[in-house]
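Visitor: File follows, entry.txt with compact mmCIF, C-alpha atoms:
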```txt
# COMPACT_ATOMS: atom_id res chain seq x y z
CA MET A 1 62.41 111.65 2.98
CA SER A 2 66.09 112.19 2.28
CA PHE A 3 66.12 115.80 3.46
CA ASP A 4 63.79 117.22 6.05
CA VAL A 5 64.90 120.76 6.79
CA ASP A 6 63.25 123.51 8.77
CA VAL A 7 65.72 126.15 9.93
CA GLN A 8 65.99 129.78 10.81
CA ARG A 9 69.08 131.87 11.25
CA ARG A 10 69.73 135.58 11.38
CA LEU A 11 72.90 136.73 9.63
CA GLY A 12 73.34 140.47 10.06
CA ASP A 13 70.37 142.08 8.34
CA VAL A 14 69.36 138.96 6.47
CA ARG A 15 67.06 136.38 7.92
CA VAL A 16 67.52 132.98 6.37
CA GLU A 17 64.40 130.93 6.81
CA VAL A 18 63.91 127.70 4.91
CA ARG A 19 61.55 124.80 5.20
CA PHE A 20 61.42 121.89 2.80
CA SER A 21 61.27 118.15 2.45
CA ALA A 22 62.93 116.36 -0.41
CA SER A 23 62.78 112.77 -1.48
CA ALA A 24 65.54 110.83 -3.23
CA GLY A 25 67.34 112.15 -6.29
CA LEU A 26 68.64 115.63 -6.84
CA THR A 27 66.93 118.54 -5.17
CA ALA A 28 67.91 122.03 -6.19
CA LEU A 29 68.04 124.99 -3.84
CA TYR A 30 67.45 127.79 -6.26
CA GLY A 31 67.47 131.54 -5.77
CA PRO A 32 69.38 134.76 -6.42
CA SER A 33 72.85 135.36 -4.99
CA GLY A 34 73.07 136.51 -1.40
CA VAL A 35 69.80 134.99 -0.33
CA GLY A 36 71.46 132.51 1.98
CA LYS A 37 71.57 129.31 -0.07
CA SER A 38 75.12 128.51 1.03
CA SER A 39 74.14 129.25 4.63
CA VAL A 40 71.46 126.58 4.37
CA LEU A 41 74.08 124.04 3.24
CA ASN A 42 76.40 125.15 6.04
CA MET A 43 73.62 124.62 8.56
CA ILE A 44 72.94 121.15 7.22
CA ALA A 45 76.67 120.34 7.29
CA GLY A 46 77.02 121.59 10.86
CA LEU A 47 79.29 124.52 10.06
CA LEU A 48 76.67 127.12 10.94
CA LYS A 49 74.31 126.73 13.85
CA PRO A 50 70.66 127.55 13.17
CA ASP A 51 68.94 129.83 15.66
CA ARG A 52 66.17 127.29 15.71
CA GLY A 53 64.76 124.44 13.73
CA ARG A 54 65.36 120.84 12.86
CA ILE A 55 67.43 119.00 10.26
CA VAL A 56 66.92 115.37 9.32
CA VAL A 57 68.93 113.71 6.56
CA ALA A 58 68.30 110.16 5.39
CA GLY A 59 66.40 109.35 8.54
CA GLN A 60 68.96 110.66 11.01
CA VAL A 61 68.33 113.75 13.11
CA LEU A 62 71.40 115.97 12.71
CA PHE A 63 70.04 119.01 14.47
CA ASP A 64 67.05 119.63 16.65
CA ALA A 65 67.05 122.84 18.64
CA ASP A 66 64.14 121.76 20.87
CA ALA A 67 65.64 118.36 21.65
CA GLY A 68 69.13 119.81 22.11
CA ILE A 69 70.61 117.70 19.31
CA ASP A 70 73.52 119.21 17.39
CA LEU A 71 75.87 116.68 15.80
CA ALA A 72 79.42 117.85 15.12
CA PRO A 73 80.22 118.24 11.41
CA GLU A 74 82.49 115.18 11.48
CA HIS A 75 79.64 113.01 12.73
CA ARG A 76 77.08 114.02 10.13
CA ARG A 77 78.48 111.88 7.32
CA LEU A 78 77.65 114.29 4.56
CA GLY A 79 79.71 114.92 1.46
CA TYR A 80 80.11 118.65 0.97
CA VAL A 81 81.38 120.01 -2.34
CA PHE A 82 82.21 123.64 -1.60
CA GLN A 83 81.76 126.47 -4.05
CA ASP A 84 85.39 127.47 -3.53
CA GLY A 85 86.81 123.97 -3.82
CA ARG A 86 88.81 123.99 -0.60
CA LEU A 87 91.29 121.33 -1.62
CA PHE A 88 94.10 121.02 0.91
CA PRO A 89 97.10 122.81 -0.64
CA HIS A 90 99.74 120.82 1.23
CA LEU A 91 98.42 117.41 0.15
CA THR A 92 98.55 115.69 -3.21
CA VAL A 93 95.36 115.01 -5.14
CA ARG A 94 95.51 111.40 -3.94
CA ASP A 95 95.79 112.42 -0.28
CA ASN A 96 93.02 114.95 -0.77
CA LEU A 97 90.78 112.24 -2.17
CA LEU A 98 91.63 109.88 0.68
CA TYR A 99 91.40 112.44 3.48
CA GLY A 100 87.87 111.57 4.50
CA ARG A 101 88.28 107.92 3.80
CA ARG A 102 91.11 107.16 6.18
CA LEU A 103 88.67 107.11 9.03
CA GLY A 104 86.57 104.79 6.84
CA ASP A 105 84.25 103.27 9.37
CA VAL A 106 81.91 101.82 6.79
CA ALA A 107 82.60 100.11 3.52
CA GLY A 108 81.43 102.62 0.96
CA PRO A 109 79.23 102.02 -2.00
CA VAL A 110 82.08 102.88 -4.33
CA ALA A 111 85.75 101.98 -4.39
CA PHE A 112 88.61 104.42 -4.78
CA ASP A 113 89.56 103.16 -8.23
CA GLU A 114 85.99 103.41 -9.37
CA ILE A 115 85.68 107.01 -8.22
CA VAL A 116 88.98 107.92 -9.82
CA ASP A 117 87.73 106.32 -12.99
CA ILE A 118 84.33 108.00 -13.02
CA LEU A 119 85.90 111.39 -12.33
CA GLY A 120 88.80 110.91 -14.73
CA VAL A 121 91.35 112.17 -12.20
CA GLY A 122 93.78 109.26 -12.54
CA PRO A 123 96.53 111.31 -14.23
CA LEU A 124 96.28 113.98 -11.50
CA LEU A 125 96.80 111.80 -8.43
CA ALA A 126 100.41 112.74 -7.73
CA ARG A 127 99.91 116.47 -8.30
CA ARG A 128 99.23 119.27 -5.84
CA PRO A 129 95.93 121.16 -6.07
CA GLN A 130 97.50 124.52 -6.99
CA GLY A 131 98.32 123.37 -10.52
CA LEU A 132 94.84 122.10 -11.34
CA SER A 133 92.35 123.83 -13.63
CA GLY A 134 88.95 124.83 -12.26
CA GLY A 135 87.29 121.76 -13.77
CA GLU A 136 89.95 119.39 -12.49
CA ALA A 137 89.82 120.86 -8.98
CA ARG A 138 86.04 120.53 -9.00
CA ARG A 139 86.18 116.87 -9.95
CA VAL A 140 88.71 116.19 -7.19
CA ALA A 141 86.49 117.99 -4.69
CA ILE A 142 83.53 115.86 -5.75
CA GLY A 143 85.63 112.71 -5.45
CA ARG A 144 86.85 113.68 -2.01
CA ALA A 145 83.28 114.18 -0.82
CA LEU A 146 82.14 110.87 -2.33
CA LEU A 147 85.00 108.87 -0.80
CA ARG A 148 83.87 109.99 2.62
CA HIS A 149 80.99 107.56 1.98
CA PRO A 150 78.34 110.14 2.72
CA ARG A 151 74.67 109.45 3.31
CA ALA A 152 73.94 112.48 1.13
CA LEU A 153 75.78 114.99 -1.00
CA LEU A 154 75.71 118.76 -0.63
CA MET A 155 76.87 120.67 -3.69
CA ASP A 156 77.32 124.43 -3.68
CA GLU A 157 77.42 125.86 -7.20
CA PRO A 158 79.66 123.05 -8.42
CA LEU A 159 79.97 124.69 -11.84
CA SER A 160 81.40 127.97 -10.60
CA GLY A 161 85.00 128.41 -11.69
CA VAL A 162 84.64 125.73 -14.33
CA ASP A 163 85.33 127.03 -17.81
CA PRO A 164 82.47 126.69 -20.30
CA ALA A 165 84.21 123.96 -22.30
CA ARG A 166 84.32 121.76 -19.20
CA ARG A 167 80.85 122.47 -17.84
CA GLU A 168 79.22 119.77 -19.89
CA GLY A 169 81.64 117.19 -18.49
CA VAL A 170 80.90 118.12 -14.90
CA LEU A 171 77.14 118.28 -15.55
CA ALA A 172 77.19 114.82 -17.10
CA LEU A 173 79.19 113.60 -14.11
CA ILE A 174 76.61 114.93 -11.66
CA GLU A 175 73.87 113.20 -13.66
CA ARG A 176 75.82 109.98 -13.39
CA LEU A 177 76.19 110.35 -9.65
CA ARG A 178 72.50 111.07 -9.35
CA ASP A 179 71.42 108.08 -11.43
CA GLN A 180 74.07 105.46 -10.68
CA LEU A 181 74.90 105.96 -7.02
CA GLY A 182 71.39 106.82 -5.90
CA LEU A 183 72.73 109.34 -3.40
CA PRO A 184 70.37 112.08 -2.32
CA ILE A 185 71.88 115.34 -3.55
CA LEU A 186 71.12 118.86 -2.42
CA TYR A 187 72.30 121.19 -5.13
CA VAL A 188 72.64 124.94 -4.73
CA SER A 189 72.50 127.05 -7.85
CA HIS A 190 71.36 130.42 -9.17
CA ASP A 191 71.25 129.14 -12.76
CA ARG A 192 67.80 128.12 -13.94
CA ASN A 193 69.15 126.04 -16.83
CA GLU A 194 71.29 123.88 -14.57
CA VAL A 195 68.42 123.41 -12.19
CA ASP A 196 65.96 122.46 -14.94
CA ARG A 197 68.35 119.94 -16.35
CA LEU A 198 69.43 118.24 -13.11
CA ALA A 199 66.76 118.57 -10.49
CA ARG A 200 63.91 116.28 -9.71
CA SER A 201 62.49 118.83 -7.32
CA VAL A 202 63.24 122.50 -6.81
CA VAL A 203 63.15 124.51 -3.63
CA GLU A 204 63.05 128.18 -4.47
CA ILE A 205 64.45 130.55 -1.90
CA ILE A 206 63.20 134.10 -2.03
CA PRO A 207 64.65 137.03 -0.13
CA SER A 208 62.94 137.85 3.14
CA GLY A 209 63.24 140.84 5.44
CA MET B 1 141.31 129.45 15.76
CA LEU B 2 139.10 129.28 18.82
CA THR B 3 140.62 128.23 22.14
CA PRO B 4 139.06 125.40 24.22
CA ALA B 5 137.70 127.98 26.66
CA GLU B 6 136.01 129.80 23.78
CA TRP B 7 134.55 126.57 22.46
CA ALA B 8 133.21 125.92 25.95
CA VAL B 9 131.50 129.31 25.88
CA ILE B 10 129.94 128.50 22.52
CA GLY B 11 128.87 125.07 23.76
CA LEU B 12 127.23 126.61 26.83
CA SER B 13 125.49 129.23 24.69
CA LEU B 14 124.13 126.61 22.33
CA LYS B 15 122.91 124.50 25.27
CA VAL B 16 121.22 127.47 26.93
CA SER B 17 119.62 128.60 23.66
CA LEU B 18 118.46 125.13 22.65
CA VAL B 19 116.78 124.62 26.02
CA ALA B 20 115.32 128.14 25.92
CA THR B 21 113.78 127.68 22.46
CA GLY B 22 112.88 124.04 23.05
CA LEU B 23 110.90 124.83 26.18
CA GLY B 24 109.71 128.12 24.70
CA LEU B 25 108.29 126.50 21.55
CA PRO B 26 105.21 124.81 23.06
CA ILE B 27 104.56 127.81 25.33
CA ALA B 28 104.93 130.27 22.46
CA PHE B 29 102.72 128.16 20.20
CA ALA B 30 99.99 127.84 22.81
CA LEU B 31 100.07 131.61 23.44
CA ALA B 32 100.11 132.36 19.70
CA TRP B 33 97.16 130.02 19.16
CA ALA B 34 95.19 131.60 22.00
CA LEU B 35 95.87 135.12 20.73
CA ALA B 36 95.08 134.22 17.12
CA ARG B 37 91.97 132.14 17.69
CA TRP B 38 90.29 132.93 20.98
CA ARG B 39 88.51 135.99 22.28
CA PHE B 40 88.76 136.12 26.05
CA PRO B 41 88.87 138.80 28.70
CA GLY B 42 92.40 139.93 29.38
CA ARG B 43 93.54 139.11 25.87
CA PHE B 44 95.08 142.53 25.31
CA LEU B 45 96.76 142.41 28.70
CA LEU B 46 98.26 139.01 27.89
CA ASP B 47 99.42 140.32 24.52
CA GLY B 48 101.08 143.26 26.29
CA VAL B 49 102.81 141.12 28.89
CA ILE B 50 104.18 138.78 26.21
CA HIS B 51 105.53 141.73 24.24
CA LEU B 52 107.08 143.42 27.27
CA PRO B 53 110.55 141.86 26.76
CA LEU B 54 110.58 143.34 23.25
CA VAL B 55 110.20 146.91 24.46
CA ALA B 56 111.30 147.04 28.11
CA PRO B 57 115.02 147.30 28.97
CA PRO B 58 116.39 143.73 29.21
CA VAL B 59 117.95 144.54 32.58
CA VAL B 60 114.49 145.31 33.90
CA ILE B 61 113.27 141.92 32.69
CA GLY B 62 116.26 140.36 34.44
CA TRP B 63 115.35 142.15 37.65
CA LEU B 64 111.72 140.99 37.32
CA LEU B 65 112.94 137.40 36.86
CA LEU B 66 115.14 137.82 39.91
CA SER B 67 112.17 139.04 41.91
CA ALA B 68 110.06 136.08 40.80
CA PHE B 69 112.62 133.24 40.74
CA GLY B 70 114.95 134.45 43.50
CA PRO B 71 115.01 132.78 46.93
CA ALA B 72 112.44 135.28 48.21
CA GLY B 73 110.35 135.31 45.03
CA PRO B 74 107.06 133.39 44.78
CA ILE B 75 108.15 131.06 41.96
CA GLY B 76 111.64 130.64 43.41
CA ARG B 77 110.22 129.58 46.76
CA LEU B 78 107.79 127.21 45.09
CA LEU B 79 110.59 125.54 43.09
CA ALA B 80 112.72 125.23 46.20
CA ASP B 81 109.92 123.76 48.31
CA LEU B 82 108.60 121.34 45.69
CA PHE B 83 111.73 120.21 43.88
CA GLY B 84 114.58 121.59 45.91
CA VAL B 85 115.96 123.41 42.87
CA SER B 86 117.08 126.95 42.39
CA LEU B 87 117.74 128.72 39.11
CA MET B 88 119.99 131.28 40.74
CA PHE B 89 123.47 131.51 39.21
CA ARG B 90 122.75 128.37 37.18
CA TRP B 91 122.71 127.86 33.42
CA THR B 92 119.05 126.86 33.75
CA GLY B 93 118.36 130.40 34.93
CA ALA B 94 120.19 131.72 31.87
CA ALA B 95 117.93 129.52 29.73
CA VAL B 96 114.82 130.96 31.42
CA ALA B 97 116.09 134.49 30.83
CA ALA B 98 116.86 133.74 27.18
CA GLY B 99 113.50 132.02 26.71
CA VAL B 100 111.55 134.94 28.17
CA MET B 101 113.44 137.41 25.99
CA ALA B 102 112.87 135.27 22.88
CA LEU B 103 109.19 134.62 23.59
CA PRO B 104 107.69 137.72 21.92
CA LEU B 105 109.57 137.10 18.67
CA MET B 106 108.43 133.48 18.62
CA VAL B 107 104.83 134.33 19.47
CA ARG B 108 104.66 137.04 16.78
CA ALA B 109 105.92 134.81 13.98
CA MET B 110 103.71 131.90 15.02
CA ARG B 111 100.64 134.05 15.51
CA LEU B 112 100.91 135.50 12.00
CA SER B 113 101.19 132.07 10.47
CA ILE B 114 98.27 130.73 12.52
CA GLU B 115 96.14 133.70 11.49
CA ALA B 116 97.02 132.96 7.86
CA VAL B 117 95.61 129.42 8.06
CA ASP B 118 92.38 129.32 6.07
CA ARG B 119 89.57 128.41 8.45
CA ARG B 120 87.50 127.21 5.50
CA LEU B 121 90.01 124.40 4.97
CA GLU B 122 89.57 123.36 8.59
CA ASN B 123 85.81 123.34 8.09
CA ALA B 124 86.23 121.21 4.99
CA ALA B 125 88.27 118.72 7.01
CA ARG B 126 85.52 118.55 9.63
CA THR B 127 82.88 117.75 7.00
CA LEU B 128 85.19 114.96 5.82
CA GLY B 129 84.99 113.32 9.22
CA ALA B 130 88.05 114.74 10.96
CA SER B 131 87.72 115.60 14.65
CA ARG B 132 89.04 118.92 15.94
CA THR B 133 92.21 117.16 17.06
CA ARG B 134 92.82 115.46 13.74
CA THR B 135 92.05 118.70 11.89
CA PHE B 136 94.67 120.45 14.00
CA TRP B 137 97.40 117.88 13.33
CA THR B 138 96.67 117.29 9.64
CA ILE B 139 95.53 120.72 8.43
CA SER B 140 96.16 123.63 10.80
CA LEU B 141 99.62 122.71 12.03
CA PRO B 142 101.12 121.72 8.64
CA LEU B 143 99.82 124.94 7.08
CA ALA B 144 101.23 127.04 9.92
CA LEU B 145 104.49 125.11 10.11
CA PRO B 146 106.80 127.41 8.10
CA GLY B 147 105.89 130.33 10.36
CA VAL B 148 106.31 128.20 13.46
CA LEU B 149 109.79 127.15 12.35
CA ALA B 150 110.68 130.73 11.44
CA GLY B 151 109.65 131.72 14.97
CA VAL B 152 111.85 129.01 16.45
CA VAL B 153 114.86 130.14 14.42
CA LEU B 154 114.33 133.79 15.36
CA GLY B 155 113.89 132.83 18.99
CA PHE B 156 117.07 130.78 18.90
CA ALA B 157 119.05 133.66 17.43
CA ARG B 158 117.63 136.02 20.03
CA SER B 159 118.58 133.57 22.79
CA ILE B 160 122.16 133.32 21.56
CA GLY B 161 122.50 137.09 21.76
CA GLU B 162 120.87 137.51 25.17
CA PHE B 163 122.81 139.75 27.54
CA GLY B 164 120.95 142.17 29.80
CA ALA B 165 118.34 139.93 31.36
CA THR B 166 120.86 137.13 31.85
CA ILE B 167 123.50 139.21 33.62
CA ALA B 168 120.88 140.84 35.86
CA PHE B 169 119.19 137.54 36.71
CA VAL B 170 121.96 134.96 37.02
CA SER B 171 125.12 137.07 36.88
CA ASN B 172 128.25 136.33 34.80
CA ILE B 173 129.74 133.08 36.06
CA PRO B 174 132.34 131.31 33.90
CA GLY B 175 131.20 127.89 32.75
CA GLU B 176 127.73 128.34 34.18
CA THR B 177 126.04 131.56 33.01
CA ARG B 178 128.76 133.20 30.90
CA THR B 179 127.20 132.78 27.49
CA LEU B 180 128.47 134.25 24.21
CA SER B 181 127.50 137.89 24.75
CA LEU B 182 128.67 137.86 28.36
CA ALA B 183 131.96 136.28 27.36
CA ILE B 184 132.53 138.96 24.70
CA TYR B 185 131.72 141.67 27.23
CA THR B 186 134.11 140.10 29.76
CA ALA B 187 136.85 139.76 27.17
CA LEU B 188 136.51 143.44 26.31
CA GLN B 189 136.93 144.30 30.00
CA THR B 190 140.07 142.16 30.22
CA PRO B 191 143.47 143.58 29.12
CA GLY B 192 144.59 141.73 25.99
CA GLY B 193 141.14 140.20 25.51
CA ASP B 194 140.56 141.86 22.12
CA GLY B 195 141.48 138.74 20.16
CA ALA B 196 139.06 136.53 22.06
CA ALA B 197 136.34 139.16 21.76
CA MET B 198 136.82 139.39 18.02
CA ARG B 199 136.77 135.62 17.47
CA LEU B 200 133.61 135.17 19.53
CA ALA B 201 132.02 138.21 17.86
CA LEU B 202 132.74 136.83 14.38
CA PHE B 203 131.26 133.51 15.35
CA SER B 204 128.08 135.11 16.68
CA VAL B 205 127.71 137.34 13.63
CA GLY B 206 128.03 134.29 11.38
CA LEU B 207 125.47 132.38 13.43
CA SER B 208 123.03 135.30 13.36
CA LEU B 209 123.31 135.65 9.59
CA VAL B 210 122.58 131.96 9.12
CA ALA B 211 119.57 132.17 11.43
CA LEU B 212 118.27 135.24 9.62
CA ALA B 213 118.65 133.57 6.24
CA VAL B 214 116.83 130.44 7.41
CA SER B 215 113.96 132.39 8.94
CA GLU B 216 113.66 134.59 5.83
CA TYR B 217 113.55 131.48 3.65
CA LEU B 218 110.83 129.91 5.81
CA THR B 219 108.76 133.10 5.87
CA ARG B 220 108.94 133.48 2.11
CA ARG B 221 107.98 129.88 1.68
CA SER B 222 104.88 130.30 3.82
CA HIS B 223 103.89 133.45 1.91
CA ARG B 224 104.30 131.64 -1.39
CA GLN B 225 102.05 128.91 -0.08
CA GLU B 226 99.43 131.47 0.89
CA ALA B 227 99.54 132.99 -2.57
CA ARG B 228 98.93 129.56 -4.02
CA ASP B 229 96.13 128.84 -1.57
CA VAL B 230 94.00 131.52 -3.22
CA VAL B 231 93.39 129.21 -6.22
```
In structure tokens, what does this structure look like?
Guide:
Amino acid sequence: MSFDVDVQRRLGDVRVEVRFSASAGLTALYGPSGVGKSSVLNMIAGLLKPDRGRIVVAGQVLFDADAGIDLAPEHRRLGYVFQDGRLFPHLTVRDNLLYGRRLGDVAGPVAFDEIVDILGVGPLLARRPQGLSGGEARRVAIGRALLRHPRALLMDEPLSGVDPARREGVLALIERLRDQLGLPILYVSHDRNEVDRLARSVVEIIPSG
Amino acid sequence: MLTPAEWAVIGLSLKVSLVATGLGLPIAFALAWALARWRFPGRFLLDGVIHLPLVAPPVVIGWLLLSAFGPAGPIGRLLADLFGVSLMFRWTGAAVAAGVMALPLMVRAMRLSIEAVDRRLENAARTLGASRTRTFWTISLPLALPGVLAGVVLGFARSIGEFGATIAFVSNIPGETRTLSLAIYTALQTPGGDGAAMRLALFSVGLSLVALAVSEYLTRRSHRQEARDVV
């Protein structure tokens, strides 16, 4: 199993409760806005602590409330593509891409040049993030997550903020990542069409009280 | 233009202010960080104590410093016992007075810029493998830097102008604690001292304007950066 997740967390009036196992390929977390899909990704990434539960990714236990295991985000080796991009404004595109790689403990499956090539961000390397279009910023964010050499990829609505003309490009890119790199991907979306096109399996999250 | 004695006053003032802001910087940053990021009991009290020099009469602050650092004061006795040093009537005491008076301005500027740092960017850095320490040095500090520098410049300007706390704490000793403001005051009390007072006053006005311009520039720069961060 690439993802083995069973978590619970109360956030104000909302109780986020999710349990699923996903094998390789792209798994979609699908559901309406505000149901806590991003919270699930944050819990897997270590940015939000579950009230209880257990998270295993690619064979490694990242969180286990009963066993007292709670790896820090920097030790989870996950690539997280945030919905809001979160490129570092004071660094160039190149330094953004390399931020996670500098610590490079392991030789990654893909080289820098290859990632730059796949993403088509070569002409942007010297620029700062604030001048990028939504689609460009998204591709840089994906590259940054990949160059961290993650054991799995978390993507939160990666098409939000991407203008319609560019959506196809990003979608095709995600398909390439899924098929060529063989990385397990957990993909959050509220768009049924995206999910149908990309996902091998779908986890549907429904609102609970 | 300026006489050697006046240059000496300016030199002493710059030395006192540089030490005051140099030593004040890490203290102010640590306090600003704690106030911006941590919730702890006594937070409001700490905030109040830090801001006291901004609202209390400077002479009162000087008297408080005298009570603490004087020969009978708790810190003064500690310094004397441990290191055999006293700040009384020394330029180091003037630096402490200037630093204490400048602290609230420095903390305020730094705190605002720390609060403006987007925590989501820090989280992103963590997911990319950066420890808390590395996140601080590569993300938080660079993003807060313009505000930190603006705080330093403001603190420096405030130190240069310090009068009340200094004269109450370490008196007005030529060559030792007679900094710019004290020298202007002394010149005004001296018959025929108008020329010296005017020259020193012009110099300090010029210095203040430069400091203000630099801090304004840095503040604007950090706000521009914030506006861009919203992308």
Visitor: Show me, as a PyMOL selection string, the residues of chain B whose atoms get within 6 Å of chain A, using all atoms listed in the file for the distance check.
Guide: chain B and resi 121+126-130
Visitor: When you draw a straight line from CA of Val7 in chain A to CA of Ser33 in chain A, how long is it in Å?
Guide: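 If I compute the distance from CA of Val7 in chain A to CA of Ser33 in chain A, I get 18.9 Å.
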Visitor: Nearest residue to Arg192 in chain A out of A:Asp179, A:Glu114, A:Asp66, A:Glu157, using all atoms listed in the file?
Guide: A:Glu157
Visitor: Name all residues at most 8 Å from Arg138 in chain A (count all atoms listed in the file; drop same-chain ones fewer than 3 positions away) and give them as a VMD selection string.
Guide: chain A and resid 85 134 to 135 141 to 142 158 to 159 162
Visitor: How many Å lie between CA of Asp118 in chain B and CA of Phe63 in chain A, rounded to one decimal?
Guide: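 Interatomic distance here is 26.0 Å.
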Visitor: Do you have the CA of Ala24 in chain A-CA of Arg166 in chain A distance handy?
Guide: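 Going from CA of Ala24 in chain A over to CA of Arg166 in chain A covers 27.0 Å.
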Visitor: May I ask which of the residues A:Pro207, A:Gln83, A:Gly34, A:Ser2 is the closest one to Ala124 in chain B, counting all atoms listed in the file?
Guide: A:Gln83
Visitor: Could you name the residues that touch range 135-143 of chain B at 7 Å or less, counting all atoms listed in the file, but leaving out those on the same chain fewer than 3 positions away, as a list of chain:residue names?
Guide: B:Val117, B:Glu122, B:Ala125, B:Arg126, B:Ala130, B:Ser131, B:Arg132
